[in-house]
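Here is the file run10.cif (mmCIF, C-alpha atoms and all ligand atoms).
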data_final
#
loop_
_atom_site.group_PDB
_atom_site.id
_atom_site.type_symbol
_atom_site.label_atom_id
_atom_site.label_comp_id
_atom_site.auth_asym_id
_atom_site.auth_seq_id
_atom_site.Cartn_x
_atom_site.Cartn_y
_atom_site.Cartn_z
ATOM 1 C CA MET A 283 16.483 50.384 74.881
ATOM 2 C CA ILE A 284 16.072 53.375 72.617
ATOM 3 C CA GLU A 285 17.911 54.226 69.419
ATOM 4 C CA ARG A 286 17.825 57.255 67.121
ATOM 5 C CA VAL A 287 17.325 56.020 63.537
ATOM 6 C CA GLN A 288 17.223 59.346 61.666
ATOM 7 C CA ASP A 289 16.113 62.913 62.333
ATOM 8 C CA HIS A 290 12.878 62.798 64.359
ATOM 9 C CA LEU A 291 12.712 59.004 64.088
ATOM 10 C CA TRP A 292 13.367 56.677 67.015
ATOM 11 C CA ARG A 293 13.225 52.950 67.687
ATOM 12 C CA ILE A 294 12.175 51.699 71.116
ATOM 13 C CA GLU A 295 12.961 48.046 71.796
ATOM 14 C CA VAL A 296 10.026 46.640 73.753
ATOM 15 C CA PRO A 297 10.725 43.246 75.408
ATOM 16 C CA LEU A 298 8.387 40.301 74.769
ATOM 17 C CA PRO A 299 8.857 38.034 77.805
ATOM 18 C CA ASP A 300 8.627 34.233 77.174
ATOM 19 C CA ASN A 301 8.422 34.836 73.423
ATOM 20 C CA PRO A 302 11.013 33.495 70.940
ATOM 21 C CA LEU A 303 10.796 36.823 69.063
ATOM 22 C CA ARG A 304 12.387 38.366 72.220
ATOM 23 C CA SER A 305 11.291 41.942 71.517
ATOM 24 C CA ILE A 306 9.304 44.181 69.214
ATOM 25 C CA ASN A 307 10.437 47.406 67.556
ATOM 26 C CA SER A 308 8.179 50.331 68.298
ATOM 27 C CA TYR A 309 8.968 53.359 66.117
ATOM 28 C CA VAL A 310 8.341 56.955 67.091
ATOM 29 C CA ILE A 311 8.146 59.885 64.681
ATOM 30 C CA GLU A 312 8.315 63.218 66.449
ATOM 31 C CA SER A 313 6.855 66.384 65.060
ATOM 32 C CA ASP A 314 5.806 69.854 66.191
ATOM 33 C CA SER A 315 2.192 68.960 65.583
ATOM 34 C CA ARG A 316 1.258 65.279 65.953
ATOM 35 C CA ASN A 317 3.684 62.457 66.776
ATOM 36 C CA LEU A 318 3.189 58.997 65.318
ATOM 37 C CA ILE A 319 3.943 55.677 67.044
ATOM 38 C CA ILE A 320 4.175 52.647 64.757
ATOM 39 C CA ASP A 321 3.358 49.391 66.644
ATOM 40 C CA THR A 322 3.544 49.004 70.411
ATOM 41 C CA GLY A 323 3.758 45.742 72.383
ATOM 42 C CA LEU A 324 1.704 43.267 74.374
ATOM 43 C CA ASP A 325 -0.701 44.375 77.060
ATOM 44 C CA ARG A 326 1.835 43.502 79.763
ATOM 45 C CA GLU A 327 3.522 45.504 82.491
ATOM 46 C CA GLU A 328 7.032 44.829 81.048
ATOM 47 C CA CYS A 329 5.999 46.224 77.651
ATOM 48 C CA LEU A 330 4.222 49.253 79.064
ATOM 49 C CA ASP A 331 7.188 50.143 81.309
ATOM 50 C CA ALA A 332 9.677 49.867 78.431
ATOM 51 C CA ILE A 333 7.666 51.957 75.994
ATOM 52 C CA LEU A 334 6.830 54.647 78.558
ATOM 53 C CA ALA A 335 10.522 54.907 79.513
ATOM 54 C CA GLY A 336 11.466 55.287 75.827
ATOM 55 C CA LEU A 337 8.768 57.872 75.169
ATOM 56 C CA ALA A 338 9.871 59.863 78.223
ATOM 57 C CA GLU A 339 13.450 59.879 76.930
ATOM 58 C CA VAL A 340 12.344 61.271 73.560
ATOM 59 C CA GLY A 341 9.966 63.661 75.308
ATOM 60 C CA VAL A 342 6.821 62.457 73.573
ATOM 61 C CA ASP A 343 3.553 63.930 74.783
ATOM 62 C CA LEU A 344 0.872 61.260 74.360
ATOM 63 C CA GLU A 345 -1.796 63.977 74.163
ATOM 64 C CA ARG A 346 -0.275 64.917 70.789
ATOM 65 C CA THR A 347 0.309 61.389 69.518
ATOM 66 C CA ASP A 348 -1.382 59.122 66.977
ATOM 67 C CA PHE A 349 -0.803 55.423 66.335
ATOM 68 C CA PHE A 350 -0.323 53.232 63.301
ATOM 69 C CA VAL A 351 -0.715 49.481 63.751
ATOM 70 C CA THR A 352 0.797 47.297 61.001
ATOM 71 C CA HIS A 353 -1.406 44.296 61.804
ATOM 72 C CA MET A 354 -3.711 42.732 64.348
ATOM 73 C CA HIS A 355 -1.250 40.499 66.217
ATOM 74 C CA ALA A 356 -1.193 41.231 69.923
ATOM 75 C CA ASP A 357 2.541 42.008 70.107
ATOM 76 C CA HIS A 358 1.931 44.937 67.725
ATOM 77 C CA SER A 359 -1.530 46.090 68.698
ATOM 78 C CA ALA A 360 -2.507 45.179 72.254
ATOM 79 C CA LEU A 361 -0.806 48.031 74.087
ATOM 80 C CA VAL A 362 -2.394 50.769 71.970
ATOM 81 C CA PRO A 363 -5.538 51.189 74.138
ATOM 82 C CA LYS A 364 -3.289 51.806 77.190
ATOM 83 C CA LEU A 365 -1.280 54.518 75.419
ATOM 84 C CA ALA A 366 -3.919 56.264 73.312
ATOM 85 C CA ARG A 367 -5.501 59.449 74.640
ATOM 86 C CA GLU A 368 -8.910 60.960 73.835
ATOM 87 C CA SER A 369 -7.404 62.946 70.937
ATOM 88 C CA SER A 370 -5.335 60.059 69.507
ATOM 89 C CA LYS A 371 -6.137 58.605 66.126
ATOM 90 C CA ILE A 372 -5.457 54.882 65.737
ATOM 91 C CA PHE A 373 -4.737 54.088 62.094
ATOM 92 C CA PHE A 374 -5.480 50.514 61.140
ATOM 93 C CA ASN A 375 -6.583 48.342 58.237
ATOM 94 C CA ARG A 376 -10.129 47.108 57.681
ATOM 95 C CA PRO A 377 -9.536 43.363 57.008
ATOM 96 C CA ASP A 378 -7.749 42.844 60.346
ATOM 97 C CA ALA A 379 -10.320 44.948 62.219
ATOM 98 C CA GLU A 380 -13.022 42.637 60.885
ATOM 99 C CA VAL A 381 -11.219 39.698 62.497
ATOM 100 C CA PHE A 382 -11.147 41.577 65.838
ATOM 101 C CA GLU A 383 -14.848 42.198 65.554
ATOM 102 C CA GLY A 384 -15.721 38.671 64.378
ATOM 103 C CA VAL A 385 -17.970 36.550 66.544
ATOM 104 C CA SER A 386 -15.786 34.221 68.612
ATOM 105 C CA PRO A 387 -13.192 33.601 65.866
ATOM 106 C CA TRP A 388 -11.254 31.250 68.150
ATOM 107 C CA GLU A 389 -14.066 28.694 68.037
ATOM 108 C CA THR A 390 -13.998 28.681 64.217
ATOM 109 C CA ILE A 391 -10.244 28.210 64.290
ATOM 110 C CA LEU A 392 -10.462 25.332 66.799
ATOM 111 C CA GLU A 393 -13.055 23.564 64.687
ATOM 112 C CA TYR A 394 -10.879 23.942 61.592
ATOM 113 C CA ALA A 395 -7.810 22.653 63.472
ATOM 114 C CA GLY A 396 -9.775 19.590 64.604
ATOM 115 C CA ARG A 397 -10.735 18.794 61.033
ATOM 116 C CA ASN A 398 -7.053 18.972 60.113
ATOM 117 C CA GLY A 399 -6.052 16.290 62.584
ATOM 118 C CA PHE A 400 -5.109 18.394 65.606
ATOM 119 C CA PRO A 401 -5.958 16.172 68.652
ATOM 120 C CA GLU A 402 -8.858 17.480 70.739
ATOM 121 C CA ASP A 403 -7.006 17.452 74.098
ATOM 122 C CA GLU A 404 -4.085 19.403 72.638
ATOM 123 C CA LEU A 405 -6.383 21.989 71.096
ATOM 124 C CA ARG A 406 -7.495 23.607 74.340
ATOM 125 C CA ALA A 407 -3.927 23.686 75.645
ATOM 126 C CA ALA A 408 -2.763 25.285 72.389
ATOM 127 C CA LEU A 409 -5.359 28.001 72.739
ATOM 128 C CA GLU A 410 -4.557 28.714 76.360
ATOM 129 C CA ASN A 411 -0.854 29.038 75.473
ATOM 130 C CA HIS A 412 -1.468 31.328 72.537
ATOM 131 C CA PRO A 413 -0.061 34.839 73.218
ATOM 132 C CA GLY A 414 -2.867 36.425 71.191
ATOM 133 C CA TYR A 415 -5.407 34.773 73.471
ATOM 134 C CA LYS A 416 -3.613 35.522 76.748
ATOM 135 C CA HIS A 417 -2.480 39.079 76.092
ATOM 136 C CA GLY A 418 -4.713 40.190 73.257
ATOM 137 C CA VAL A 419 -6.824 43.314 72.896
ATOM 138 C CA VAL A 420 -9.724 43.164 75.325
ATOM 139 C CA LYS A 421 -11.493 46.341 74.304
ATOM 140 C CA ILE A 422 -11.470 47.185 70.592
ATOM 141 C CA PRO A 423 -10.524 50.848 70.112
ATOM 142 C CA ASP A 424 -12.064 53.209 67.550
ATOM 143 C CA PHE A 425 -9.949 52.917 64.445
ATOM 144 C CA THR A 426 -9.311 55.339 61.598
ATOM 145 C CA PHE A 427 -9.115 53.074 58.575
ATOM 146 C CA LEU A 428 -6.454 53.304 55.898
ATOM 147 C CA ASP A 429 -6.597 51.429 52.608
ATOM 148 C CA ASP A 430 -3.910 50.432 50.158
ATOM 149 C CA GLY A 431 -2.404 53.557 48.568
ATOM 150 C CA ASP A 432 -3.736 55.971 51.189
ATOM 151 C CA LEU A 433 -1.393 58.712 52.395
ATOM 152 C CA LEU A 434 -0.377 59.380 55.986
ATOM 153 C CA GLU A 435 1.568 62.478 57.023
ATOM 154 C CA ALA A 436 3.711 62.557 60.161
ATOM 155 C CA GLY A 437 6.122 65.484 60.597
ATOM 156 C CA ASP A 438 8.710 65.358 57.779
ATOM 157 C CA TYR A 439 7.470 61.948 56.715
ATOM 158 C CA SER A 440 4.947 61.451 53.960
ATOM 159 C CA PHE A 441 3.888 57.815 53.924
ATOM 160 C CA ARG A 442 2.014 55.698 51.454
ATOM 161 C CA CYS A 443 0.150 52.655 52.787
ATOM 162 C CA VAL A 444 1.163 49.435 51.095
ATOM 163 C CA GLN A 445 -1.239 46.669 51.991
ATOM 164 C CA THR A 446 0.654 43.391 52.139
ATOM 165 C CA PRO A 447 -1.752 40.537 52.984
ATOM 166 C CA GLY A 448 -0.227 37.211 53.964
ATOM 167 C CA HIS A 449 1.044 37.292 57.553
ATOM 168 C CA THR A 450 -2.446 38.616 58.326
ATOM 169 C CA LYS A 451 -5.269 39.424 55.951
ATOM 170 C CA GLY A 452 -4.846 43.197 56.112
ATOM 171 C CA HIS A 453 -1.176 43.619 57.082
ATOM 172 C CA THR A 454 -0.046 47.087 55.988
ATOM 173 C CA CYS A 455 3.446 48.544 55.543
ATOM 174 C CA LEU A 456 4.301 52.257 55.470
ATOM 175 C CA TYR A 457 6.476 53.443 52.604
ATOM 176 C CA GLU A 458 8.262 56.809 52.430
ATOM 177 C CA PRO A 459 9.219 57.253 48.755
ATOM 178 C CA ASP A 460 11.496 60.308 49.222
ATOM 179 C CA LYS A 461 13.414 58.841 52.156
ATOM 180 C CA LYS A 462 13.206 55.345 50.606
ATOM 181 C CA ILE A 463 12.327 53.692 53.892
ATOM 182 C CA LEU A 464 9.748 50.997 54.558
ATOM 183 C CA PHE A 465 8.205 50.159 57.911
ATOM 184 C CA SER A 466 7.636 46.486 57.196
ATOM 185 C CA GLY A 467 5.871 45.220 60.337
ATOM 186 C CA ASP A 468 6.050 41.420 60.121
ATOM 187 C CA HIS A 469 5.957 41.299 56.318
ATOM 188 C CA ILE A 470 9.735 41.281 55.923
ATOM 189 C CA LEU A 471 12.021 40.247 58.783
ATOM 190 C CA ILE A 472 15.689 39.283 58.975
ATOM 191 C CA ASP A 473 16.964 36.025 60.604
ATOM 192 C CA ILE A 474 13.407 34.769 61.008
ATOM 193 C CA THR A 475 10.818 33.915 58.406
ATOM 194 C CA PRO A 476 7.480 35.662 58.940
ATOM 195 C CA ASN A 477 4.986 33.058 60.036
ATOM 196 C CA ILE A 478 2.285 32.383 57.428
ATOM 197 C CA GLN A 479 -0.566 30.271 58.781
ATOM 198 C CA CYS A 480 -3.916 29.208 57.446
ATOM 199 C CA TRP A 481 -6.772 28.416 59.823
ATOM 200 C CA ARG A 482 -9.787 28.942 57.620
ATOM 201 C CA ASP A 483 -11.460 27.458 54.567
ATOM 202 C CA GLY A 484 -11.250 29.154 51.212
ATOM 203 C CA MET A 485 -8.090 31.127 51.957
ATOM 204 C CA ASN A 486 -4.639 31.087 50.399
ATOM 205 C CA PRO A 487 -2.511 33.284 52.680
ATOM 206 C CA LEU A 488 0.805 32.021 51.306
ATOM 207 C CA GLY A 489 -0.266 32.877 47.762
ATOM 208 C CA GLU A 490 -1.218 36.354 49.002
ATOM 209 C CA TYR A 491 2.033 36.677 50.934
ATOM 210 C CA LEU A 492 4.203 35.844 47.902
ATOM 211 C CA ALA A 493 2.255 38.363 45.795
ATOM 212 C CA SER A 494 2.771 40.960 48.563
ATOM 213 C CA LEU A 495 6.527 40.271 48.506
ATOM 214 C CA ASP A 496 6.556 41.016 44.772
ATOM 215 C CA LYS A 497 4.574 44.194 45.383
ATOM 216 C CA VAL A 498 7.227 45.467 47.836
ATOM 217 C CA ARG A 499 10.081 44.214 45.660
ATOM 218 C CA ALA A 500 8.979 46.714 42.996
ATOM 219 C CA LEU A 501 9.506 49.676 45.384
ATOM 220 C CA ASP A 502 12.715 51.701 45.623
ATOM 221 C CA ILE A 503 13.852 50.999 49.213
ATOM 222 C CA ASP A 504 17.172 51.772 50.943
ATOM 223 C CA LEU A 505 16.213 50.788 54.479
ATOM 224 C CA VAL A 506 13.634 48.386 55.898
ATOM 225 C CA LEU A 507 12.547 49.004 59.490
ATOM 226 C CA PRO A 508 10.952 45.729 60.595
ATOM 227 C CA GLY A 509 8.704 44.889 63.526
ATOM 228 C CA HIS A 510 11.312 42.611 65.097
ATOM 229 C CA ARG A 511 15.098 42.299 65.124
ATOM 230 C CA ARG A 512 17.629 44.226 63.038
ATOM 231 C CA PHE A 513 17.111 46.683 60.188
ATOM 232 C CA ILE A 514 17.430 45.334 56.632
ATOM 233 C CA GLN A 515 19.633 47.141 54.111
ATOM 234 C CA ASN A 516 19.134 44.927 51.074
ATOM 235 C CA CYS A 517 15.399 44.538 50.718
ATOM 236 C CA THR A 518 15.275 42.722 47.355
ATOM 237 C CA GLU A 519 17.874 40.171 48.458
ATOM 238 C CA ARG A 520 15.881 39.420 51.618
ATOM 239 C CA ILE A 521 12.660 39.088 49.607
ATOM 240 C CA ASP A 522 14.319 36.602 47.247
ATOM 241 C CA GLN A 523 15.518 34.559 50.241
ATOM 242 C CA LEU A 524 12.011 34.487 51.697
ATOM 243 C CA LYS A 525 10.535 33.325 48.393
ATOM 244 C CA GLN A 526 13.149 30.579 48.097
ATOM 245 C CA HIS A 527 12.383 29.471 51.653
ATOM 246 C CA HIS A 528 8.715 28.910 50.808
ATOM 247 C CA ASP A 529 9.596 27.066 47.597
ATOM 248 C CA ARG A 530 11.792 24.709 49.628
ATOM 249 C CA ARG A 531 9.046 24.164 52.206
ATOM 250 C CA ALA A 532 6.539 23.384 49.467
ATOM 251 C CA ASP A 533 8.972 20.875 47.927
ATOM 252 C CA GLU A 534 9.436 19.264 51.328
ATOM 253 C CA ILE A 535 5.679 18.827 51.691
ATOM 254 C CA LEU A 536 5.442 17.249 48.232
ATOM 255 C CA SER A 537 8.100 14.725 49.206
ATOM 256 C CA VAL A 538 6.289 13.976 52.522
ATOM 257 C CA LEU A 539 3.118 13.367 50.500
ATOM 258 C CA SER A 540 4.888 10.969 48.161
ATOM 259 C CA GLU A 541 4.645 8.510 51.098
ATOM 260 C CA GLY A 542 0.841 8.661 50.816
ATOM 261 C CA THR A 543 -2.257 10.547 51.960
ATOM 262 C CA LYS A 544 -1.971 12.440 55.279
ATOM 263 C CA ASN A 545 -3.765 15.102 57.278
ATOM 264 C CA ALA A 546 -2.104 18.479 57.945
ATOM 265 C CA TYR A 547 -1.124 17.586 61.522
ATOM 266 C CA GLU A 548 0.678 14.449 60.297
ATOM 267 C CA ILE A 549 2.338 16.389 57.480
ATOM 268 C CA ALA A 550 3.614 19.021 59.929
ATOM 269 C CA GLY A 551 4.945 16.155 62.091
ATOM 270 C CA SER A 552 6.932 14.796 59.140
ATOM 271 C CA MET A 553 8.489 18.135 58.165
ATOM 272 C CA SER A 554 11.806 19.436 59.508
ATOM 273 C CA TRP A 555 11.591 22.262 62.042
ATOM 274 C CA ASP A 556 14.330 24.395 63.466
ATOM 275 C CA LEU A 557 13.593 23.298 67.036
ATOM 276 C CA ASP A 558 15.545 21.268 69.579
ATOM 277 C CA TYR A 559 13.172 18.391 70.226
ATOM 278 C CA ALA A 560 13.947 14.735 69.530
ATOM 279 C CA SER A 561 10.533 14.101 68.003
ATOM 280 C CA TRP A 562 7.261 15.712 66.971
ATOM 281 C CA ASP A 563 5.544 14.169 70.011
ATOM 282 C CA LEU A 564 7.848 16.159 72.294
ATOM 283 C CA PHE A 565 7.066 19.510 70.623
ATOM 284 C CA PRO A 566 5.208 21.879 72.968
ATOM 285 C CA VAL A 567 1.598 22.218 71.851
ATOM 286 C CA ALA A 568 2.079 25.884 70.892
ATOM 287 C CA GLN A 569 4.873 24.890 68.473
ATOM 288 C CA LYS A 570 2.722 22.113 66.994
ATOM 289 C CA TRP A 571 0.023 24.705 66.479
ATOM 290 C CA PHE A 572 2.283 27.102 64.549
ATOM 291 C CA ALA A 573 3.778 24.221 62.559
ATOM 292 C CA THR A 574 0.382 22.839 61.548
ATOM 293 C CA GLY A 575 -0.933 26.281 60.559
ATOM 294 C CA GLU A 576 2.163 26.804 58.437
ATOM 295 C CA ALA A 577 1.819 23.369 56.820
ATOM 296 C CA ILE A 578 -1.817 24.153 55.915
ATOM 297 C CA ALA A 579 -0.762 27.490 54.349
ATOM 298 C CA HIS A 580 1.679 25.653 52.067
ATOM 299 C CA LEU A 581 -0.858 22.911 51.320
ATOM 300 C CA ARG A 582 -3.499 25.460 50.321
ATOM 301 C CA TRP A 583 -0.991 27.178 48.019
ATOM 302 C CA LEU A 584 -0.019 23.850 46.434
ATOM 303 C CA GLU A 585 -3.690 23.004 46.045
ATOM 304 C CA GLU A 586 -4.328 26.285 44.180
ATOM 305 C CA ARG A 587 -1.477 25.345 41.856
ATOM 306 C CA GLY A 588 -2.979 21.910 41.211
ATOM 307 C CA GLU A 589 -0.084 20.061 42.862
ATOM 308 C CA VAL A 590 -1.999 18.799 45.891
ATOM 309 C CA PHE A 591 -5.567 17.534 46.264
ATOM 310 C CA THR A 592 -7.796 17.510 49.330
ATOM 311 C CA GLU A 593 -10.441 15.092 50.422
ATOM 312 C CA THR A 594 -12.972 15.660 53.200
ATOM 313 C CA GLU A 595 -14.457 12.570 54.796
ATOM 314 C CA ALA A 596 -16.237 12.240 58.139
ATOM 315 C CA ASN A 597 -15.217 15.823 58.979
ATOM 316 C CA THR A 598 -11.515 15.113 58.437
ATOM 317 C CA VAL A 599 -9.475 16.782 55.728
ATOM 318 C CA THR A 600 -6.599 14.858 54.119
ATOM 319 C CA PHE A 601 -4.126 15.801 51.416
ATOM 320 C CA SER A 602 -2.555 13.785 48.640
ATOM 321 C CA ARG A 603 -0.610 14.279 45.403
ATOM 322 C CA GLU A 604 -3.214 12.462 43.339
ATOM 323 C CA CYS A 605 -6.864 13.275 42.948
HETATM 324 ZN ZN ZN B 701 2.705 39.282 63.585
#
Let me see the structure of the file written as structure tokens.
Amino acid sequence: MIERVQDHLWRIEVPLPDNPLRSINSYVIESDSRNLIIDTGLDREECLDAILAGLAEVGVDLERTDFFVTHMHADHSALVPKLARESSKIFFNRPDAEVFEGVSPWETILEYAGRNGFPEDELRAALENHPGYKHGVVKIPDFTFLDDGDLLEAGDYSFRCVQTPGHTKGHTCLYEPDKKILFSGDHILIDITPNIQCWRDGMNPLGEYLASLDKVRALDIDLVLPGHRRFIQNCTERIDQLKQHHDRRADEILSVLSEGTKNAYEIAGSMSWDLDYASWDLFPVAQKWFATGEAIAHLRWLEERGEVFTETEANTVTFSREC
């Protein structure tokens, strides 16, 4: 599926098989010199076929094309090495690239999950089901790094990079101040709430995410072009909804903790989730994984605010409302 958004700007809908997100939006900016493709798809045949069909329809020559990747997640980044040519620049952010290059980050994450109550036998299964593990980038390409505030020119479009940490550490949006459009990646989505997870010590991704929402809220934006689903016309309204959502989730966690001390896995199991399973035990492991990561993100944020306290004993982390 391909759609013309504005002059020289196209959206290609790239399917994501077996993924609740259903598809990803890949955007193409055509120009007489270099074209720019913003986000791509998973390293899967179905994604490659869809994007190549779309590019053929627009008449994009990959020899004259550069790439911008909003963040490290495989559905946005993994297809880039298949599409990039020798002359292609791949614009990316440094914090996410450091995660790519990290030594076996999955092992660190598994260890952290174990400490937060995730059962050992479910851990391996969770990893093997994780789309980032199954269809992630195998070979890390050579990136051209862009920092917050850097400029990126593509045809008639003059973008400013707006780094929006939260969904990932280096997530970056592209803002066009004259056209008042924002390519939001997974920072702002409609119908679904961008997933904010925490799988590492000493991090507060939800705190960063909420600050990044305020940063974008201050921009003059008429149209948000997100990484998934429909375009967003009213950016500030959507941002306010997202902030309210996280306030509600934090309140829910505080009420779960009023029952007593729990680990993150137990807390996630006591929260309400928008899924059709009779109980937490029946959740597929991959869903338990996302839920627990999200619970930890809220717990870390509440901890920073002094509303929740952690205790580490015998390599197990628990949370309570009293210190
Ligand atoms: Zn993502």
Report the closest atom pair, with its distance in Å rounded to one decimal, for each residue of chain A that has an atom no farther than 8 Å from ligand ZN 701 (chain B); count all atoms listed in the file, sort by chain and then rising residue number, and write it as CSV.
residue,atom,partner,partner_atom,distance
A:His353,CA,B:ZN701,ZN,6.7
A:Met354,CA,B:ZN701,ZN,7.3
A:His355,CA,B:ZN701,ZN,4.9
A:Ala356,CA,B:ZN701,ZN,7.7
A:Asp357,CA,B:ZN701,ZN,7.1
A:His358,CA,B:ZN701,ZN,7.1
A:His449,CA,B:ZN701,ZN,6.6
A:Thr450,CA,B:ZN701,ZN,7.4
A:Gly467,CA,B:ZN701,ZN,7.5
A:Asp468,CA,B:ZN701,ZN,5.3
A:Pro476,CA,B:ZN701,ZN,7.6
A:Asn477,CA,B:ZN701,ZN,7.5
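Proximity to Ile472 (chain A) was assessed for A:Val362, A:Ala546, A:Ile521, A:Ile294 counting only C-alpha atoms; the smallest distance is recorded for A:Ile521.
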Exercise for review: Write out as a ChimeraX atom specification the residues lying within 9 Å of region 286-290 of chain A, counting only C-alpha atoms and excluding same-chain residues fewer than 4 positions away.
Suggested key: /A:294,310-313,437-438
Practice item. Grab the CA of Leu337 (chain A) to CA of Asp504 (chain A) distance for me, in Å with one decimal place. Key: 26.4 Å
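The shortest atom-to-atom distance to Ile478 (chain A), with all atoms listed in the file taken into account, belongs to A:His527 out of A:Arg376, A:Arg520, A:His527, A:Arg293.
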**Study point:** Close residues, region 564-570 of chain A itself excluded, 12 Å, all atoms listed in the file, min 4 positions apart in chain, as a ChimeraX atom specification
**Key:** /A:301-302,395,399-415,477,546-553,555-560,574-577
Revision key, fill the gap. Atom pair CA of Ile578 (chain A) + CA of Val498 (chain A), distance 24.5 Å
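Separating CA of Leu318 (chain A) from CA of Ile306 (chain A) is a distance of 16.5 Å.
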Review point. Between A:Asp314, A:Asp429, A:Asp348, A:Asp460, which one has atoms that come closest to Glu368 (chain A), using all atoms listed in the file?
Key: A:Asp348
Exercise for review: Return as a VMD selection string the set of residues that the PyMOL selection byres (((chain A and resi 507) around 8) and not hetatm) yields on the displayed structure.
Suggested key: chain A and resid 463 to 467 505 to 506 508 to 509 512 to 514
